[in-house]
$ cat model_4.tsv   # TSV, C-alpha atoms
chain	number	residue	atom	x	y	z
A	1	MET	CA	13.89	13.77	40.91
A	2	ALA	CA	17.37	12.32	40.82
A	3	ASP	CA	16.50	9.54	38.34
A	4	ASP	CA	18.35	10.93	35.34
A	5	ALA	CA	21.55	11.53	37.27
A	6	LEU	CA	21.49	7.96	38.57
A	7	PHE	CA	21.32	6.49	35.10
A	8	GLU	CA	23.96	8.87	33.72
A	9	PHE	CA	26.44	7.90	36.45
A	10	LEU	CA	25.66	4.22	36.05
A	11	HIS	CA	26.15	4.49	32.30
A	12	MET	CA	29.54	6.18	32.70
A	13	GLU	CA	30.62	3.42	35.07
A	14	ILE	CA	29.39	0.68	32.74
A	15	VAL	CA	31.43	2.12	29.87
A	16	SER	CA	34.60	2.46	31.93
A	17	HIS	CA	34.12	-1.01	33.42
A	18	VAL	CA	33.72	-2.66	30.02
A	19	TYR	CA	36.84	-0.89	28.74
A	20	LYS	CA	38.87	-1.85	31.82
A	21	GLU	CA	37.85	-5.50	31.42
A	22	HIS	CA	39.21	-5.64	27.92
A	23	ALA	CA	42.28	-3.49	28.51
A	24	THR	CA	44.63	-6.46	28.68
A	25	ARG	CA	44.36	-7.14	24.97
A	26	GLU	CA	47.28	-6.07	22.77
A	27	ASP	CA	45.31	-5.11	19.72
A	28	ILE	CA	43.66	-1.71	20.18
A	29	ASP	CA	41.23	-2.05	17.29
A	30	ARG	CA	39.90	-5.43	18.32
A	31	GLU	CA	39.52	-4.24	21.88
A	32	ARG	CA	37.44	-1.27	20.79
A	33	VAL	CA	35.21	-3.40	18.61
A	34	THR	CA	34.61	-5.93	21.40
A	35	CYS	CA	33.78	-3.21	23.91
A	36	VAL	CA	31.42	-1.43	21.57
A	37	SER	CA	29.60	-4.66	20.72
A	38	THR	CA	29.29	-5.58	24.41
A	39	LEU	CA	27.73	-2.21	25.16
A	40	GLU	CA	25.49	-2.42	22.14
A	41	ALA	CA	24.28	-5.88	23.12
A	42	MET	CA	23.44	-4.62	26.60
A	43	GLY	CA	21.47	-1.77	25.11
A	44	PHE	CA	19.66	-4.15	22.79
A	45	ARG	CA	18.29	-6.28	25.60
A	46	VAL	CA	17.29	-3.18	27.59
A	47	GLY	CA	15.53	-1.73	24.57
A	48	GLN	CA	13.48	-4.89	24.09
A	49	GLY	CA	12.33	-4.94	27.69
A	50	LEU	CA	11.53	-1.21	27.72
A	51	ILE	CA	9.39	-1.45	24.62
A	52	GLU	CA	7.41	-4.29	26.09
A	53	ARG	CA	6.63	-2.13	29.09
A	54	PHE	CA	5.90	1.12	27.22
A	55	THR	CA	3.64	-0.27	24.52
A	56	LYS	CA	1.51	-2.25	26.93
A	57	ASP	CA	-1.43	0.08	26.60
A	58	SER	CA	-0.97	1.79	23.27
A	59	PRO	CA	-2.67	0.58	20.09
A	60	SER	CA	-0.77	-1.10	17.26
A	61	PHE	CA	1.38	0.99	14.95
A	62	LYS	CA	0.26	1.63	11.43
A	63	ASP	CA	3.61	1.68	9.65
A	64	ASP	CA	7.34	2.28	10.03
A	65	LEU	CA	7.01	6.04	10.22
A	66	ASP	CA	4.53	5.66	13.07
A	67	VAL	CA	7.02	3.48	14.92
A	68	MET	CA	9.80	6.04	14.43
A	69	LYS	CA	7.57	8.84	15.66
A	70	PHE	CA	6.75	6.83	18.77
A	71	LEU	CA	10.46	6.25	19.31
A	72	CYS	CA	11.22	9.96	18.94
A	73	LYS	CA	8.45	11.22	21.17
A	74	ASP	CA	7.25	8.80	23.83
A	75	PHE	CA	10.21	6.46	24.09
A	76	TRP	CA	12.87	9.19	24.10
A	77	SER	CA	10.98	11.34	26.59
A	78	THR	CA	10.48	8.46	28.98
A	79	VAL	CA	14.13	7.43	28.87
A	80	PHE	CA	15.95	10.75	28.43
A	81	LYS	CA	13.27	13.19	29.63
A	82	LYS	CA	13.15	15.04	26.32
A	83	GLN	CA	12.06	14.38	22.76
A	84	ILE	CA	14.19	13.96	19.67
A	85	ASP	CA	14.64	17.39	18.12
A	86	ASN	CA	14.68	16.46	14.48
A	87	LEU	CA	13.63	13.40	12.49
A	88	ARG	CA	14.51	13.14	8.82
A	89	THR	CA	13.77	10.33	6.43
A	90	ASN	CA	14.24	9.49	2.81
A	91	HIS	CA	11.08	7.36	2.89
A	92	GLN	CA	13.17	4.43	1.69
A	93	GLY	CA	13.88	3.03	5.13
A	94	THR	CA	16.61	5.42	6.33
A	95	TYR	CA	15.90	7.73	9.26
A	96	VAL	CA	18.12	10.26	10.96
A	97	LEU	CA	17.26	11.18	14.53
A	98	GLN	CA	18.94	14.30	15.79
A	99	ASP	CA	19.16	15.16	19.44
A	100	ASN	CA	20.64	18.60	20.09
A	101	LYS	CA	21.32	18.04	23.74
A	102	PHE	CA	21.86	14.35	24.30
A	103	SER	CA	21.70	13.79	28.05
A	104	LEU	CA	24.51	11.26	28.17
A	105	LEU	CA	26.89	13.70	26.48
A	106	THR	CA	26.04	17.00	28.18
A	107	GLN	CA	28.64	16.46	30.90
A	108	PHE	CA	31.57	16.14	28.50
A	109	SER	CA	31.90	19.47	26.75
A	110	SER	CA	29.95	21.95	24.66
A	111	GLY	CA	32.20	21.86	21.66
A	112	LYS	CA	34.83	19.71	20.13
A	113	GLN	CA	36.79	18.68	23.20
A	114	TYR	CA	36.81	14.93	23.92
A	115	LEU	CA	35.15	14.22	20.57
A	116	GLU	CA	37.08	10.99	20.08
A	117	GLU	CA	35.73	9.57	23.35
A	118	ALA	CA	32.11	10.20	22.42
A	119	PRO	CA	31.39	7.04	20.36
A	120	LYS	CA	31.97	4.84	23.41
A	121	TYR	CA	29.15	6.58	25.20
A	122	LEU	CA	26.74	6.26	22.31
A	123	ALA	CA	27.03	2.50	21.82
A	124	PHE	CA	24.56	1.66	24.55
A	125	SER	CA	21.95	4.05	23.19
A	126	CYS	CA	22.40	2.70	19.67
A	127	GLY	CA	21.79	-0.78	21.02
A	128	MET	CA	18.71	0.45	22.86
A	129	ILE	CA	17.21	1.90	19.69
A	130	ARG	CA	18.01	-1.29	17.79
A	131	GLY	CA	16.42	-3.43	20.51
A	132	ALA	CA	13.32	-1.26	20.60
A	133	LEU	CA	12.89	-1.50	16.82
A	134	SER	CA	13.54	-5.22	16.79
A	135	ASN	CA	10.83	-5.85	19.34
A	136	LEU	CA	8.39	-3.81	17.27
A	137	GLY	CA	9.18	-5.96	14.24
A	138	LEU	CA	11.67	-3.74	12.40
A	139	GLU	CA	15.17	-5.11	11.90
A	140	GLY	CA	17.73	-2.47	11.22
A	141	VAL	CA	21.21	-1.09	11.75
A	142	VAL	CA	21.75	1.89	14.03
A	143	THR	CA	24.86	4.05	13.96
A	144	ALA	CA	25.63	7.29	15.72
A	145	GLU	CA	27.78	10.26	14.90
A	146	VAL	CA	28.81	13.32	16.80
A	147	SER	CA	30.22	16.46	15.26
A	148	VAL	CA	29.62	19.03	17.96
A	149	MET	CA	28.81	18.00	21.50
A	150	PRO	CA	26.28	17.60	23.03
A	151	SER	CA	24.34	17.22	19.82
A	152	CYS	CA	24.37	13.83	18.11
A	153	LYS	CA	22.70	12.06	15.23
A	154	PHE	CA	21.48	8.48	15.18
A	155	GLN	CA	21.13	6.99	11.76
A	156	VAL	CA	18.69	4.10	11.44
A	157	VAL	CA	18.57	1.96	8.32
A	158	ILE	CA	15.62	-0.42	8.33
A	159	GLN	CA	16.22	-3.62	6.42
A	160	LYS	CA	13.25	-4.47	4.30
A	161	LEU	CA	12.90	-8.14	3.44
B	1	MET	CA	-12.96	-20.24	33.99
B	2	ALA	CA	-10.10	-20.62	31.58
B	3	VAL	CA	-9.13	-24.14	30.68
B	4	CYS	CA	-6.05	-23.33	28.63
B	5	ILE	CA	-3.67	-20.40	28.32
B	6	ALA	CA	-1.04	-20.10	25.63
B	7	VAL	CA	1.65	-17.52	24.89
B	8	ILE	CA	2.95	-17.67	21.34
B	9	ALA	CA	6.04	-15.88	20.11
B	10	LYS	CA	6.33	-13.60	17.10
B	11	GLU	CA	7.64	-16.49	14.99
B	12	ASN	CA	4.58	-18.55	15.88
B	13	TYR	CA	6.14	-21.09	18.20
B	14	PRO	CA	4.76	-21.52	21.72
B	15	LEU	CA	6.54	-19.92	24.64
B	16	TYR	CA	4.17	-21.18	27.27
B	17	ILE	CA	1.11	-23.47	27.23
B	18	ARG	CA	-0.77	-24.59	30.32
B	19	SER	CA	-4.13	-26.30	30.55
B	20	VAL	CA	-6.16	-27.27	33.56
B	21	PRO	CA	-7.31	-30.80	32.79
B	22	THR	CA	-3.86	-32.22	32.27
B	23	GLN	CA	-5.16	-35.15	30.30
B	24	GLY	CA	-6.20	-34.27	26.77
B	25	GLU	CA	-3.53	-31.57	26.71
B	26	LEU	CA	-2.76	-32.42	23.11
B	27	LYS	CA	-6.25	-31.39	22.08
B	28	PHE	CA	-5.64	-27.90	23.50
B	29	HIS	CA	-2.30	-27.66	21.74
B	30	TYR	CA	-4.13	-28.42	18.52
B	31	THR	CA	-6.91	-25.91	19.23
B	32	VAL	CA	-4.37	-23.18	19.95
B	33	HIS	CA	-2.46	-24.02	16.80
B	34	THR	CA	-5.53	-23.72	14.62
B	35	SER	CA	-6.52	-20.47	16.29
B	36	LEU	CA	-3.24	-18.96	15.11
B	37	ASP	CA	-4.61	-18.80	11.59
B	38	VAL	CA	-7.56	-16.75	12.77
B	39	VAL	CA	-5.22	-14.45	14.68
B	40	GLU	CA	-3.08	-13.86	11.59
B	41	GLU	CA	-6.14	-13.10	9.56
B	42	LYS	CA	-7.34	-10.56	12.11
B	43	ILE	CA	-3.97	-8.85	12.37
B	44	SER	CA	-3.48	-8.44	8.64
B	45	GLY	CA	-7.15	-7.82	7.85
B	46	VAL	CA	-7.67	-4.95	10.30
B	47	GLY	CA	-4.72	-3.04	8.89
B	48	LYS	CA	-6.31	-2.75	5.49
B	49	ALA	CA	-9.87	-2.17	6.64
B	50	LEU	CA	-9.47	0.63	9.19
B	51	ALA	CA	-6.61	3.06	9.10
B	52	ASP	CA	-7.31	4.30	12.62
B	53	GLN	CA	-7.17	2.76	16.10
B	54	ARG	CA	-6.15	-0.85	16.17
B	55	GLU	CA	-6.83	-2.61	19.41
B	56	LEU	CA	-4.69	-5.23	21.03
B	57	TYR	CA	-7.64	-7.35	22.14
B	58	LEU	CA	-8.89	-9.48	19.25
B	59	GLY	CA	-12.03	-10.88	20.85
B	60	LEU	CA	-13.67	-14.22	20.22
B	61	LEU	CA	-11.66	-16.03	17.59
B	62	TYR	CA	-13.99	-18.94	17.06
B	63	PRO	CA	-16.36	-21.09	19.11
B	64	THR	CA	-16.26	-24.86	19.00
B	65	GLU	CA	-18.94	-27.04	20.54
B	66	ASP	CA	-17.26	-27.21	23.95
B	67	TYR	CA	-14.94	-24.23	24.03
B	68	LYS	CA	-14.57	-20.62	23.07
B	69	VAL	CA	-11.20	-19.27	22.02
B	70	TYR	CA	-10.15	-15.65	22.62
B	71	GLY	CA	-7.11	-13.88	21.26
B	72	TYR	CA	-4.90	-10.88	22.07
B	73	VAL	CA	-1.80	-9.61	20.35
B	74	THR	CA	0.84	-7.29	21.83
B	75	ASN	CA	2.77	-4.59	20.01
B	76	SER	CA	5.75	-6.91	19.81
B	77	LYS	CA	3.57	-9.42	17.94
B	78	VAL	CA	3.45	-11.90	20.82
B	79	LYS	CA	0.06	-13.59	20.84
B	80	PHE	CA	-1.94	-14.68	23.85
B	81	VAL	CA	-4.70	-17.25	23.43
B	82	ILE	CA	-7.19	-18.20	26.15
B	83	VAL	CA	-9.57	-21.13	25.79
B	84	VAL	CA	-12.61	-21.09	28.07
B	85	ASP	CA	-15.24	-23.68	28.75
B	86	SER	CA	-18.53	-22.86	27.01
B	87	SER	CA	-20.58	-24.78	29.51
B	88	ASN	CA	-20.39	-22.38	32.44
B	89	ALA	CA	-22.32	-19.10	32.32
B	90	SER	CA	-20.59	-17.11	29.64
B	91	LEU	CA	-17.93	-14.77	30.92
B	92	ARG	CA	-18.46	-11.17	30.05
B	93	ASP	CA	-16.19	-9.48	27.55
B	94	ASN	CA	-14.56	-7.22	30.11
B	95	GLU	CA	-13.66	-10.18	32.28
B	96	ILE	CA	-11.86	-11.78	29.39
B	97	ARG	CA	-10.16	-8.42	28.76
B	98	SER	CA	-9.04	-8.25	32.36
B	99	MET	CA	-7.61	-11.77	32.12
B	100	PHE	CA	-5.61	-10.69	29.09
B	101	ARG	CA	-4.48	-7.56	30.90
B	102	LYS	CA	-3.16	-9.63	33.80
B	103	LEU	CA	-1.43	-11.96	31.36
B	104	HIS	CA	0.15	-9.03	29.51
B	105	ASN	CA	1.35	-7.51	32.77
B	106	SER	CA	3.03	-10.70	33.92
B	107	PHE	CA	4.51	-11.24	30.44
B	108	THR	CA	6.00	-7.74	30.58
B	109	ASP	CA	7.57	-8.58	33.94
B	110	VAL	CA	9.07	-11.75	32.48
B	111	MET	CA	10.50	-9.76	29.55
B	112	CYS	CA	12.16	-7.34	31.94
B	113	ASN	CA	13.76	-10.16	33.89
B	114	PRO	CA	17.47	-9.97	33.01
B	115	PHE	CA	17.84	-13.73	33.23
B	116	TYR	CA	15.23	-14.33	30.57
B	117	ASN	CA	16.32	-14.37	26.93
B	118	PRO	CA	13.53	-13.29	24.62
B	119	GLY	CA	12.54	-16.26	22.51
B	120	ASP	CA	13.25	-18.91	25.12
B	121	PRO	CA	10.36	-20.97	26.46
B	122	ILE	CA	9.11	-19.45	29.70
B	123	GLN	CA	10.22	-21.77	32.48
B	124	SER	CA	7.51	-22.16	35.07
B	125	LYS	CA	9.97	-21.40	37.84
B	126	SER	CA	9.69	-17.69	37.01
B	127	VAL	CA	7.57	-16.69	39.96
B	128	PHE	CA	5.38	-14.04	38.40
B	129	PHE	CA	4.26	-15.98	35.43
B	130	CYS	CA	3.26	-19.13	37.21
B	131	ALA	CA	1.36	-17.29	39.94
B	132	HIS	CA	-0.54	-15.06	37.56
B	133	THR	CA	-1.53	-17.76	35.15
B	134	LEU	CA	-2.83	-19.85	38.03
B	135	SER	CA	-4.90	-16.90	39.19
B	136	ILE	CA	-6.36	-16.60	35.71
B	137	PHE	CA	-7.35	-20.25	35.74
B	138	TYR	CA	-9.24	-19.86	38.98
B	139	VAL	CA	-10.91	-16.52	38.40
B	140	THR	CA	-14.45	-16.58	39.72
B	141	ILE	CA	-17.33	-14.99	37.90
B	142	HIS	CA	-18.55	-12.88	40.79
$ encode --input "model_4.tsv" --output "structure tokens"
Amino acid sequence: MADDALFEFLHMEIVSHVYKEHATREDIDRERVTCVSTLEAMGFRVGQGLIERFTKDSPSFKDDLDVMKFLCKDFWSTVFKKQIDNLRTNHQGTYVLQDNKFSLLTQFSSGKQYLEEAPKYLAFSCGMIRGALSNLGLEGVVTAEVSVMPSCKFQVVIQKL
Amino acid sequence: MAVCIAVIAKENYPLYIRSVPTQGELKFHYTVHTSLDVVEEKISGVGKALADQRELYLGLLYPTEDYKVYGYVTNSKVKFVIVVDSSNASLRDNEIRSMFRKLHNSFTDVMCNPFYNPGDPIQSKSVFFCAHTLSIFYVTIH
């Protein structure tokens, strides 16, 4: 089915549209921060809605690790058609999700080319993870890093009250 | 037949309350509010008692002399409470479950509506929600 391609193209357009909108600003740093937070906020709302739909029939989650496993398996496979390849945790609320072939980055390069452009394309997904966690009751901060494309790591730090 | 339906947010404030006899609405608000305690008890109690499957449907919360109150909690900790009239022939458990299922489905649609901000009261103009809750009010036993 052509579903994945549709979302990938739409996502690319969203990123370029948001950056074009803010291109008039003088200050490069502020512009980047505004764009990234716009994209992240979009992803947040989408993540909340998606979780509501996906967890409609599944039973409640036992603990944080259970939530993260759901995110890595069911959520990721429904959105990106594959599972997260590696989940690491320090059992103190920090989780690292590694995806070796992130579908939104496969079209860029298979190495280090265009590495500096990658963070723009990860903001939406970070927001989506944050929104999903927030709707399941876990507040946290999600950041992403890329060293070699198309593999990327999402770091989730859950804030315990 | 349901006499009152309430949707309560994670932070325990109501997102949506509708009752059929529009007089005496305050009484239903009060009933729903007191049932929240029972819901909380069930959510936290089950976690410690059984480590396995936790269901979303909470069942009969408590019966009063005129009404029975049923509860349901979603994975995003949004609670649904339905108050039914005790006087008519008691509705079977799976009918109550199907009412909650319909309610959950229309709540999911509202959540996915891009014009709805999670945490806002659900305005009755949102087509799905109004229509589905009305259908729950008028569900017939056969």
$ axis_aligned_box --input "model_4.tsv" --around "range 130-148 of chain A" --padding-each-side "4 Å" --output "JSON"
{"center_x": 19.3, "center_y": 6.5, "center_z": 15.9, "size_x": 29.8, "size_y": 33.0, "size_z": 17.4}
$ closest_atom_pairs --input "model_4.tsv" --of "chain B" --to "chain A" --cutoff "10 Å" --atoms "all atoms listed in the file" --output "tab-separated table"
residue	atom	partner	partner_atom	distance
B:Lys10	CA	A:Gly137	CA	8.6
B:Ile43	CA	A:Ser60	CA	9.7
B:Gly47	CA	A:Lys62	CA	7.3
B:Lys48	CA	A:Lys62	CA	9.9
B:Ala51	CA	A:Lys62	CA	7.4
B:Asp52	CA	A:Lys62	CA	8.1
B:Gln53	CA	A:Pro59	CA	6.4
B:Arg54	CA	A:Pro59	CA	5.4
B:Glu55	CA	A:Pro59	CA	5.3
B:Leu56	CA	A:Pro59	CA	6.2
B:Tyr57	CA	A:Pro59	CA	9.6
B:Val73	CA	A:Ser60	CA	9.1
B:Thr74	CA	A:Lys56	CA	7.2
B:Asn75	CA	A:Ser60	CA	5.7
B:Ser76	CA	A:Leu136	CA	4.8
B:Lys77	CA	A:Leu136	CA	7.4
B:Val78	CA	A:Asn135	CA	9.7
B:Arg101	CA	A:Lys56	CA	8.9
B:His104	CA	A:Lys56	CA	7.4
B:Asn105	CA	A:Lys56	CA	7.9
B:Phe107	CA	A:Glu52	CA	8.7
B:Thr108	CA	A:Glu52	CA	5.8
B:Asp109	CA	A:Arg53	CA	8.1
B:Val110	CA	A:Gly49	CA	8.9
B:Met111	CA	A:Gly49	CA	5.5
B:Cys112	CA	A:Gly49	CA	4.9
B:Asn113	CA	A:Gly49	CA	8.2
B:Pro114	CA	A:Arg45	CA	8.3
B:Tyr116	CA	A:Arg45	CA	9.9
B:Asn117	CA	A:Arg45	CA	8.4
B:Pro118	CA	A:Gln48	CA	8.4
$ atom_distance --input "model_4.tsv" --atom1 "CA of Ser37 in chain A" --atom2 "CA of Ala5 in chain A"
24.5 Å
$ residues_around --input "model_4.tsv" --residues "Ile96 in chain B" --least-positions-apart "4" --cutoff "9 Å" --atoms "only C-alpha atoms" --output "list in words"
Gly59, Tyr70, Ile82, Leu91, Arg92, Phe100 and Arg101 of chain B
$ write_last_selection --input "model_4.tsv" --atoms "C-alpha atoms" --output "compact mmCIF listing (two decimals), in the frame of the given file"
# COMPACT_ATOMS: atom_id res chain seq x y z
CA GLY B 59 -12.03 -10.88 20.85
CA TYR B 70 -10.15 -15.65 22.62
CA ILE B 82 -7.19 -18.20 26.15
CA LEU B 91 -17.93 -14.77 30.92
CA ARG B 92 -18.46 -11.17 30.05
CA PHE B 100 -5.61 -10.69 29.09
CA ARG B 101 -4.48 -7.56 30.90
$ atom_distance --input "model_4.tsv" --atom1 "CA of Val146 in chain A" --atom2 "CA of Phe102 in chain A"
10.3 Å
$ atom_distance --input "model_4.tsv" --atom1 "CA of Pro14 in chain B" --atom2 "CA of Glu41 in chain B"
18.4 Å
$ decode --input "model_4.tsv" --residues "range 13-24 of chain B" --atoms "all heavy atoms" --output "compact mmCIF listing (two decimals), in the first residue's frame"
# COMPACT_ATOMS: atom_id res chain seq x y z
N TYR B 13 -11.79 16.44 36.56
CA TYR B 13 -12.83 17.44 36.36
C TYR B 13 -13.69 16.94 35.19
O TYR B 13 -13.21 16.23 34.33
CB TYR B 13 -12.25 18.84 36.11
CG TYR B 13 -11.40 18.97 34.88
CD1 TYR B 13 -11.96 19.26 33.65
CD2 TYR B 13 -10.02 18.82 34.97
CE1 TYR B 13 -11.17 19.39 32.53
CE2 TYR B 13 -9.23 18.95 33.85
CZ TYR B 13 -9.81 19.23 32.64
OH TYR B 13 -9.03 19.35 31.53
N PRO B 14 -14.97 17.33 35.16
CA PRO B 14 -15.85 16.76 34.13
C PRO B 14 -15.62 17.40 32.77
O PRO B 14 -15.49 18.61 32.65
CB PRO B 14 -17.25 17.06 34.65
CG PRO B 14 -17.10 18.22 35.54
CD PRO B 14 -15.72 18.18 36.11
N LEU B 15 -15.57 16.54 31.74
CA LEU B 15 -15.49 17.05 30.38
C LEU B 15 -16.88 17.13 29.75
O LEU B 15 -17.10 17.87 28.82
CB LEU B 15 -14.62 16.12 29.52
CG LEU B 15 -13.13 16.09 29.83
CD1 LEU B 15 -12.46 15.01 29.01
CD2 LEU B 15 -12.50 17.42 29.54
N TYR B 16 -17.77 16.30 30.24
CA TYR B 16 -19.08 16.19 29.59
C TYR B 16 -20.02 15.50 30.56
O TYR B 16 -19.73 14.41 31.01
CB TYR B 16 -18.92 15.35 28.33
CG TYR B 16 -20.16 15.24 27.48
CD1 TYR B 16 -20.55 16.27 26.62
CD2 TYR B 16 -20.94 14.10 27.51
CE1 TYR B 16 -21.66 16.17 25.84
CE2 TYR B 16 -22.06 13.98 26.72
CZ TYR B 16 -22.42 15.02 25.88
OH TYR B 16 -23.53 14.90 25.09
N ILE B 17 -21.13 16.15 30.90
CA ILE B 17 -22.17 15.48 31.71
C ILE B 17 -23.51 15.76 31.08
O ILE B 17 -23.82 16.91 30.79
CB ILE B 17 -22.21 16.00 33.17
CG1 ILE B 17 -20.91 15.72 33.89
CG2 ILE B 17 -23.32 15.32 33.93
CD1 ILE B 17 -20.96 16.03 35.37
N ARG B 18 -24.28 14.71 30.85
CA ARG B 18 -25.64 14.90 30.32
C ARG B 18 -26.57 13.96 31.06
O ARG B 18 -26.26 12.79 31.23
CB ARG B 18 -25.72 14.53 28.84
CG ARG B 18 -25.24 15.57 27.88
CD ARG B 18 -26.09 16.81 27.85
NE ARG B 18 -25.48 17.83 27.02
CZ ARG B 18 -24.54 18.68 27.43
NH1 ARG B 18 -24.09 18.64 28.66
NH2 ARG B 18 -24.02 19.58 26.63
N SER B 19 -27.72 14.47 31.47
CA SER B 19 -28.70 13.57 32.08
C SER B 19 -30.04 13.78 31.42
O SER B 19 -30.33 14.84 30.87
CB SER B 19 -28.78 13.80 33.58
OG SER B 19 -28.79 15.17 33.85
N VAL B 20 -30.86 12.73 31.47
CA VAL B 20 -32.12 12.77 30.74
C VAL B 20 -33.20 13.61 31.44
O VAL B 20 -33.72 14.55 30.84
CB VAL B 20 -32.63 11.35 30.42
CG1 VAL B 20 -34.06 11.39 29.95
CG2 VAL B 20 -31.77 10.73 29.37
N PRO B 21 -33.55 13.35 32.69
CA PRO B 21 -34.49 14.30 33.29
C PRO B 21 -33.71 15.56 33.64
O PRO B 21 -32.85 15.56 34.50
CB PRO B 21 -34.96 13.58 34.57
CG PRO B 21 -33.96 12.52 34.84
CD PRO B 21 -33.10 12.32 33.64
N THR B 22 -33.97 16.63 32.91
CA THR B 22 -33.11 17.79 33.05
C THR B 22 -33.34 18.55 34.36
O THR B 22 -32.54 19.38 34.75
CB THR B 22 -33.27 18.75 31.87
OG1 THR B 22 -34.66 18.82 31.56
CG2 THR B 22 -32.52 18.23 30.66
N GLN B 23 -34.44 18.21 35.04
CA GLN B 23 -34.52 18.78 36.39
C GLN B 23 -33.83 17.79 37.32
O GLN B 23 -33.76 16.61 37.06
CB GLN B 23 -35.98 18.99 36.82
CG GLN B 23 -36.79 17.72 37.02
CD GLN B 23 -37.37 17.21 35.71
OE1 GLN B 23 -36.91 17.58 34.63
NE2 GLN B 23 -38.37 16.36 35.79
N GLY B 24 -33.33 18.24 38.42
CA GLY B 24 -32.60 17.36 39.33
C GLY B 24 -31.23 16.98 38.78
O GLY B 24 -30.66 15.98 39.16
